[in-house]
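Pasted below: target23.txt, compact mmCIF, N, CA and C atoms.
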```txt
# COMPACT_ATOMS: atom_id res chain seq x y z
N MET A 1 110.76 102.65 96.66
CA MET A 1 110.51 101.48 95.86
C MET A 1 109.41 101.82 94.86
N PRO A 2 109.75 101.98 93.62
CA PRO A 2 108.72 102.31 92.64
C PRO A 2 107.78 101.12 92.42
N SER A 3 106.55 101.45 92.14
CA SER A 3 105.60 100.39 91.84
C SER A 3 104.72 100.84 90.69
N ALA A 4 104.28 99.89 89.93
CA ALA A 4 103.43 100.19 88.79
C ALA A 4 101.97 100.21 89.24
N PRO A 5 101.16 101.09 88.70
CA PRO A 5 99.75 101.10 89.07
C PRO A 5 99.03 99.90 88.50
N VAL A 6 97.94 99.57 89.13
CA VAL A 6 97.08 98.53 88.59
C VAL A 6 96.38 99.16 87.38
N PRO A 7 96.48 98.57 86.19
CA PRO A 7 95.94 99.21 85.00
C PRO A 7 94.45 99.55 85.09
N ALA A 8 93.69 98.76 85.85
CA ALA A 8 92.26 99.00 85.91
C ALA A 8 91.89 100.06 86.95
N ASP A 9 92.86 100.74 87.55
CA ASP A 9 92.59 101.73 88.59
C ASP A 9 92.45 103.11 87.97
N PRO A 10 91.22 103.54 87.66
CA PRO A 10 91.05 104.83 87.00
C PRO A 10 91.33 106.01 87.92
N GLY A 11 91.36 105.79 89.25
CA GLY A 11 91.58 106.89 90.17
C GLY A 11 93.04 107.16 90.46
N TRP A 12 93.93 106.38 89.88
CA TRP A 12 95.35 106.57 90.17
C TRP A 12 95.86 107.77 89.41
N ASP A 13 96.52 108.70 90.11
CA ASP A 13 96.97 109.94 89.48
C ASP A 13 98.44 109.94 89.11
N GLY A 14 99.11 108.79 89.21
CA GLY A 14 100.52 108.70 88.84
C GLY A 14 101.46 108.84 90.02
N ASP A 15 100.96 109.27 91.16
CA ASP A 15 101.79 109.43 92.34
C ASP A 15 101.62 108.22 93.24
N PRO A 16 102.68 107.39 93.39
CA PRO A 16 102.54 106.19 94.20
C PRO A 16 102.06 106.48 95.63
N ALA A 17 102.41 107.63 96.18
CA ALA A 17 101.99 107.96 97.54
C ALA A 17 100.47 108.09 97.64
N HIS A 18 99.81 108.44 96.54
CA HIS A 18 98.36 108.60 96.58
C HIS A 18 97.62 107.28 96.41
N SER A 19 98.31 106.25 96.03
CA SER A 19 97.65 104.96 95.84
C SER A 19 97.96 103.98 96.97
N ARG A 20 98.71 104.42 97.97
CA ARG A 20 99.12 103.54 99.06
C ARG A 20 98.36 103.86 100.34
N PRO A 21 97.93 102.85 101.06
CA PRO A 21 97.31 103.10 102.36
C PRO A 21 98.37 103.60 103.36
N ASP A 22 97.92 104.25 104.41
CA ASP A 22 98.83 104.77 105.42
C ASP A 22 99.71 103.69 106.02
N GLU A 23 99.16 102.48 106.15
CA GLU A 23 99.94 101.41 106.75
C GLU A 23 101.13 101.02 105.89
N VAL A 24 100.96 101.05 104.58
CA VAL A 24 102.06 100.68 103.69
C VAL A 24 103.16 101.73 103.76
N LEU A 25 102.76 102.99 103.82
CA LEU A 25 103.76 104.05 103.94
C LEU A 25 104.50 103.95 105.26
N ALA A 26 103.77 103.66 106.33
CA ALA A 26 104.41 103.51 107.64
C ALA A 26 105.38 102.33 107.63
N ALA A 27 105.00 101.23 106.99
CA ALA A 27 105.88 100.06 106.89
C ALA A 27 107.14 100.42 106.11
N ASP A 28 106.98 101.14 105.02
CA ASP A 28 108.13 101.56 104.21
C ASP A 28 109.09 102.41 105.04
N GLN A 29 108.55 103.34 105.81
CA GLN A 29 109.39 104.19 106.65
C GLN A 29 110.09 103.38 107.73
N ARG A 30 109.39 102.42 108.27
CA ARG A 30 109.98 101.58 109.32
C ARG A 30 111.11 100.71 108.76
N ILE A 31 110.90 100.16 107.57
CA ILE A 31 111.94 99.36 106.92
C ILE A 31 113.16 100.22 106.65
N THR A 32 112.95 101.43 106.14
CA THR A 32 114.07 102.33 105.86
C THR A 32 114.81 102.70 107.15
N ALA A 33 114.06 102.98 108.22
CA ALA A 33 114.70 103.33 109.49
C ALA A 33 115.55 102.17 110.01
N TRP A 34 115.04 100.94 109.91
CA TRP A 34 115.82 99.80 110.40
C TRP A 34 117.03 99.57 109.50
N ALA A 35 116.88 99.79 108.18
CA ALA A 35 118.01 99.66 107.26
C ALA A 35 119.11 100.64 107.64
N ARG A 36 118.73 101.84 108.03
CA ARG A 36 119.73 102.84 108.47
C ARG A 36 120.42 102.37 109.75
N GLU A 37 119.67 101.74 110.66
CA GLU A 37 120.27 101.19 111.87
C GLU A 37 121.29 100.10 111.51
N LEU A 38 120.93 99.26 110.54
CA LEU A 38 121.84 98.21 110.11
C LEU A 38 123.11 98.80 109.51
N ARG A 39 122.96 99.87 108.72
CA ARG A 39 124.13 100.54 108.12
C ARG A 39 124.99 101.14 109.22
N ALA A 40 124.37 101.81 110.19
CA ALA A 40 125.11 102.44 111.28
C ALA A 40 125.85 101.39 112.12
N ALA A 41 125.31 100.19 112.19
CA ALA A 41 125.95 99.11 112.95
C ALA A 41 127.07 98.44 112.16
N GLY A 42 127.25 98.85 110.90
CA GLY A 42 128.36 98.33 110.11
C GLY A 42 128.02 97.20 109.16
N LEU A 43 126.76 96.92 108.95
CA LEU A 43 126.39 95.85 108.01
C LEU A 43 126.70 96.31 106.60
N ASP A 44 127.30 95.44 105.82
CA ASP A 44 127.68 95.77 104.44
C ASP A 44 126.48 95.72 103.51
N GLY A 45 126.56 96.49 102.42
CA GLY A 45 125.55 96.46 101.38
C GLY A 45 125.03 97.85 101.05
N ASP A 46 124.46 97.96 99.86
CA ASP A 46 123.85 99.24 99.50
C ASP A 46 122.47 99.32 100.18
N MET A 47 121.80 100.46 100.03
CA MET A 47 120.55 100.68 100.74
C MET A 47 119.47 99.68 100.33
N ALA A 48 119.45 99.26 99.06
CA ALA A 48 118.45 98.27 98.63
C ALA A 48 118.67 96.94 99.34
N GLU A 49 119.93 96.54 99.47
CA GLU A 49 120.24 95.29 100.18
C GLU A 49 119.93 95.40 101.67
N LEU A 50 120.24 96.56 102.24
CA LEU A 50 119.95 96.76 103.66
C LEU A 50 118.44 96.80 103.92
N ARG A 51 117.68 97.38 102.98
CA ARG A 51 116.22 97.40 103.14
C ARG A 51 115.66 95.98 103.05
N ALA A 52 116.21 95.17 102.17
CA ALA A 52 115.76 93.78 102.07
C ALA A 52 116.08 93.04 103.38
N ARG A 53 117.26 93.26 103.92
CA ARG A 53 117.63 92.63 105.19
C ARG A 53 116.74 93.15 106.32
N ALA A 54 116.44 94.46 106.30
CA ALA A 54 115.58 95.05 107.33
C ALA A 54 114.18 94.46 107.26
N TYR A 55 113.66 94.28 106.04
CA TYR A 55 112.34 93.67 105.88
C TYR A 55 112.33 92.27 106.50
N LEU A 56 113.35 91.49 106.19
CA LEU A 56 113.42 90.13 106.73
C LEU A 56 113.56 90.15 108.25
N ASP A 57 114.36 91.07 108.77
CA ASP A 57 114.50 91.18 110.23
C ASP A 57 113.14 91.45 110.87
N LEU A 58 112.43 92.42 110.34
CA LEU A 58 111.14 92.79 110.92
C LEU A 58 110.13 91.66 110.76
N PHE A 59 110.12 91.04 109.61
CA PHE A 59 109.16 89.96 109.34
C PHE A 59 109.43 88.72 110.18
N LEU A 60 110.71 88.38 110.34
CA LEU A 60 111.07 87.16 111.03
C LEU A 60 111.42 87.37 112.50
N GLY A 61 111.39 88.63 112.95
CA GLY A 61 111.72 88.90 114.35
C GLY A 61 113.19 88.70 114.66
N LYS A 62 114.06 89.10 113.74
CA LYS A 62 115.50 88.92 113.90
C LYS A 62 116.18 90.26 114.08
N ASP A 63 117.47 90.20 114.41
CA ASP A 63 118.31 91.39 114.49
C ASP A 63 119.62 91.04 113.81
N SER A 64 119.85 91.61 112.61
CA SER A 64 121.03 91.26 111.82
C SER A 64 122.23 92.16 112.08
N ARG A 65 122.15 93.03 113.07
CA ARG A 65 123.31 93.88 113.35
C ARG A 65 124.47 92.99 113.76
N PRO A 66 125.67 93.29 113.26
CA PRO A 66 126.83 92.43 113.55
C PRO A 66 127.13 92.28 115.03
N ASP A 67 126.90 93.30 115.84
CA ASP A 67 127.22 93.25 117.26
C ASP A 67 126.02 92.88 118.13
N ALA A 68 124.90 92.52 117.51
CA ALA A 68 123.70 92.19 118.29
C ALA A 68 123.90 90.87 119.02
N PRO A 69 123.58 90.85 120.31
CA PRO A 69 123.65 89.56 121.03
C PRO A 69 122.67 88.57 120.42
N ALA A 70 123.00 87.30 120.44
CA ALA A 70 122.16 86.27 119.83
C ALA A 70 120.79 86.22 120.46
N ALA A 71 120.67 86.50 121.74
CA ALA A 71 119.38 86.40 122.43
C ALA A 71 118.59 87.69 122.40
N GLN A 72 119.15 88.74 121.78
CA GLN A 72 118.45 90.03 121.77
C GLN A 72 117.16 89.93 120.99
N ALA A 73 116.16 90.59 121.50
CA ALA A 73 114.84 90.58 120.85
C ALA A 73 114.89 91.36 119.55
N ALA A 74 113.89 91.16 118.75
CA ALA A 74 113.76 91.87 117.49
C ALA A 74 113.48 93.34 117.75
N PRO A 75 113.60 94.19 116.73
CA PRO A 75 113.26 95.59 116.88
C PRO A 75 111.84 95.74 117.43
N SER A 76 111.63 96.77 118.23
CA SER A 76 110.33 96.93 118.89
C SER A 76 109.20 96.92 117.88
N GLY A 77 108.15 96.20 118.23
CA GLY A 77 106.97 96.13 117.38
C GLY A 77 107.01 95.02 116.36
N ALA A 78 108.15 94.37 116.20
CA ALA A 78 108.22 93.29 115.23
C ALA A 78 107.55 92.05 115.80
N GLY A 79 106.87 91.34 114.96
CA GLY A 79 106.20 90.13 115.40
C GLY A 79 107.12 88.94 115.36
N PRO A 80 106.73 87.84 115.97
CA PRO A 80 107.55 86.65 115.91
C PRO A 80 107.56 86.07 114.50
N GLY A 81 108.56 85.27 114.21
CA GLY A 81 108.63 84.65 112.90
C GLY A 81 107.53 83.64 112.71
N GLY A 82 107.27 83.30 111.48
CA GLY A 82 106.23 82.31 111.19
C GLY A 82 105.00 82.96 110.60
N PHE A 83 103.97 82.16 110.47
CA PHE A 83 102.74 82.63 109.88
C PHE A 83 101.59 82.37 110.83
N ALA A 84 100.59 83.18 110.74
CA ALA A 84 99.40 83.00 111.56
C ALA A 84 98.19 83.35 110.72
N GLY A 85 97.08 82.81 111.10
CA GLY A 85 95.85 83.12 110.39
C GLY A 85 94.65 82.67 111.21
N LYS A 86 93.50 83.08 110.78
CA LYS A 86 92.26 82.67 111.43
C LYS A 86 91.42 81.92 110.42
N VAL A 87 90.77 80.88 110.90
CA VAL A 87 89.88 80.09 110.06
C VAL A 87 88.59 79.89 110.83
N ALA A 88 87.48 80.19 110.20
CA ALA A 88 86.17 79.94 110.82
C ALA A 88 85.71 78.56 110.38
N LEU A 89 85.71 77.63 111.32
CA LEU A 89 85.32 76.26 111.04
C LEU A 89 84.02 75.98 111.76
N ALA A 90 82.96 75.66 111.01
CA ALA A 90 81.66 75.33 111.59
C ALA A 90 81.43 73.83 111.44
N ILE A 91 81.21 73.16 112.57
CA ILE A 91 80.97 71.73 112.57
C ILE A 91 79.61 71.49 113.24
N PRO A 92 78.71 70.77 112.57
CA PRO A 92 77.41 70.50 113.18
C PRO A 92 77.55 69.77 114.52
N LEU A 93 76.74 70.16 115.48
CA LEU A 93 76.77 69.54 116.80
C LEU A 93 76.56 68.02 116.71
N ALA A 94 75.69 67.60 115.81
CA ALA A 94 75.44 66.17 115.65
C ALA A 94 76.71 65.43 115.23
N THR A 95 77.56 66.07 114.44
CA THR A 95 78.82 65.45 114.04
C THR A 95 79.78 65.39 115.22
N LEU A 96 79.83 66.46 116.00
CA LEU A 96 80.72 66.49 117.16
C LEU A 96 80.34 65.45 118.20
N THR A 97 79.05 65.17 118.32
CA THR A 97 78.58 64.20 119.31
C THR A 97 78.44 62.80 118.74
N ASP A 98 78.96 62.60 117.53
CA ASP A 98 78.92 61.30 116.84
C ASP A 98 77.50 60.78 116.59
N LEU A 99 76.54 61.71 116.47
CA LEU A 99 75.17 61.31 116.14
C LEU A 99 74.92 61.34 114.64
N ALA A 100 75.81 62.01 113.90
CA ALA A 100 75.67 62.10 112.45
C ALA A 100 77.07 62.21 111.85
N ASP A 101 77.13 62.13 110.53
CA ASP A 101 78.40 62.21 109.82
C ASP A 101 78.33 63.32 108.78
N ARG A 102 77.84 64.49 109.22
CA ARG A 102 77.70 65.62 108.29
C ARG A 102 79.02 66.38 108.19
N PRO A 103 79.33 66.92 107.01
CA PRO A 103 80.59 67.67 106.87
C PRO A 103 80.51 69.02 107.59
N GLY A 104 81.67 69.46 108.04
CA GLY A 104 81.77 70.82 108.56
C GLY A 104 81.96 71.77 107.39
N GLU A 105 82.16 73.04 107.70
CA GLU A 105 82.37 74.01 106.64
C GLU A 105 83.36 75.05 107.09
N ILE A 106 84.33 75.33 106.21
CA ILE A 106 85.29 76.40 106.45
C ILE A 106 84.81 77.61 105.66
N ALA A 107 84.67 78.73 106.35
CA ALA A 107 84.18 79.95 105.71
C ALA A 107 85.01 80.29 104.49
N ARG A 108 84.35 80.63 103.41
CA ARG A 108 84.94 81.04 102.13
C ARG A 108 85.70 79.93 101.40
N ILE A 109 85.70 78.72 101.97
CA ILE A 109 86.38 77.61 101.31
C ILE A 109 85.38 76.52 100.95
N GLY A 110 84.58 76.12 101.93
CA GLY A 110 83.57 75.12 101.65
C GLY A 110 83.59 73.98 102.63
N PRO A 111 82.99 72.84 102.22
CA PRO A 111 82.86 71.70 103.13
C PRO A 111 84.21 71.09 103.50
N VAL A 112 84.24 70.52 104.69
CA VAL A 112 85.43 69.81 105.16
C VAL A 112 84.96 68.44 105.66
N ASP A 113 85.77 67.44 105.41
CA ASP A 113 85.44 66.06 105.80
C ASP A 113 85.09 66.00 107.28
N PRO A 114 84.02 65.33 107.65
CA PRO A 114 83.59 65.33 109.06
C PRO A 114 84.58 64.65 110.00
N ASP A 115 85.33 63.65 109.56
CA ASP A 115 86.23 62.96 110.47
C ASP A 115 87.35 63.85 111.02
N PRO A 116 88.14 64.52 110.16
CA PRO A 116 89.17 65.41 110.72
C PRO A 116 88.54 66.60 111.45
N GLY A 117 87.41 67.08 110.95
CA GLY A 117 86.77 68.23 111.60
C GLY A 117 86.32 67.93 112.99
N ALA A 118 85.78 66.75 113.22
CA ALA A 118 85.28 66.36 114.54
C ALA A 118 86.43 66.14 115.50
N ASN A 119 87.61 65.83 115.00
CA ASN A 119 88.76 65.59 115.87
C ASN A 119 89.53 66.86 116.21
N THR A 120 89.08 67.99 115.70
CA THR A 120 89.77 69.26 115.94
C THR A 120 89.55 69.75 117.34
```
File written out as structure tokens:
Amino acid sequence: MPSAPVPADPGWDGDPAHSRPDEVLAADQRITAWARELRAAGLDGDMAELRARAYLDLFLGKDSRPDAPAAQAAPSGAGPGGFAGKVALAIPLATLTDLADRPGEIARIGPVDPDPGANT
């Protein structure tokens, strides 16, 4: 998958492999390997289409092989579908104990209304 360099990156030497972290290269190889599995299982499409399907399978925890049982788990190492994240929410103790009505704060975002924050 060709990619264009970020114009402001003076250290880029023109080789996409030199601008990618090891994790991105490993992900690319994993997507390609799963796309080959999909092709071997008889799924139609060219390699670009199979790679797109492989990406979605890995991302969503699915198995698109035509003969795959419906209850079969996703390819090993694939996470469950959906999104996850972490949020650091700081709420003053006085607000939690209903002694004050001070706003909480979400890291890197800012203040949060004390009523929903106290009910968390």
| task | Show which residues sit within 6 Å of segment 87-94 of chain A, as a PyMOL selection string. Count only C-alpha atoms, and ignore same-chain residues fewer than 6 positions away. | result | chain A and resi 100+104-107
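Residue nearest Ala41 of chain A, chosen from A:Asp28, A:Asp101, A:Asp113, A:Asp67 and counting all atoms listed in the file: A:Asp67.
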| task | Kindly give the distance, in Å, that separates atom CA of Pro103 of chain A and atom C of Lys86 of chain A, rounded to a single decimal. | result |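 Between atom CA of Pro103 of chain A and atom C of Lys86 of chain A the gap works out to 18.2 Å.
The coordinates place atom CA of Phe59 of chain A at 18.4 Å from atom CA of Arg39 of chain A.
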| request: For atom C of Glu37 of chain A and atom CA of Ala52 of chain A, determine how far apart the two atoms are, in Å to one decimal place. | output: 12.6 Å
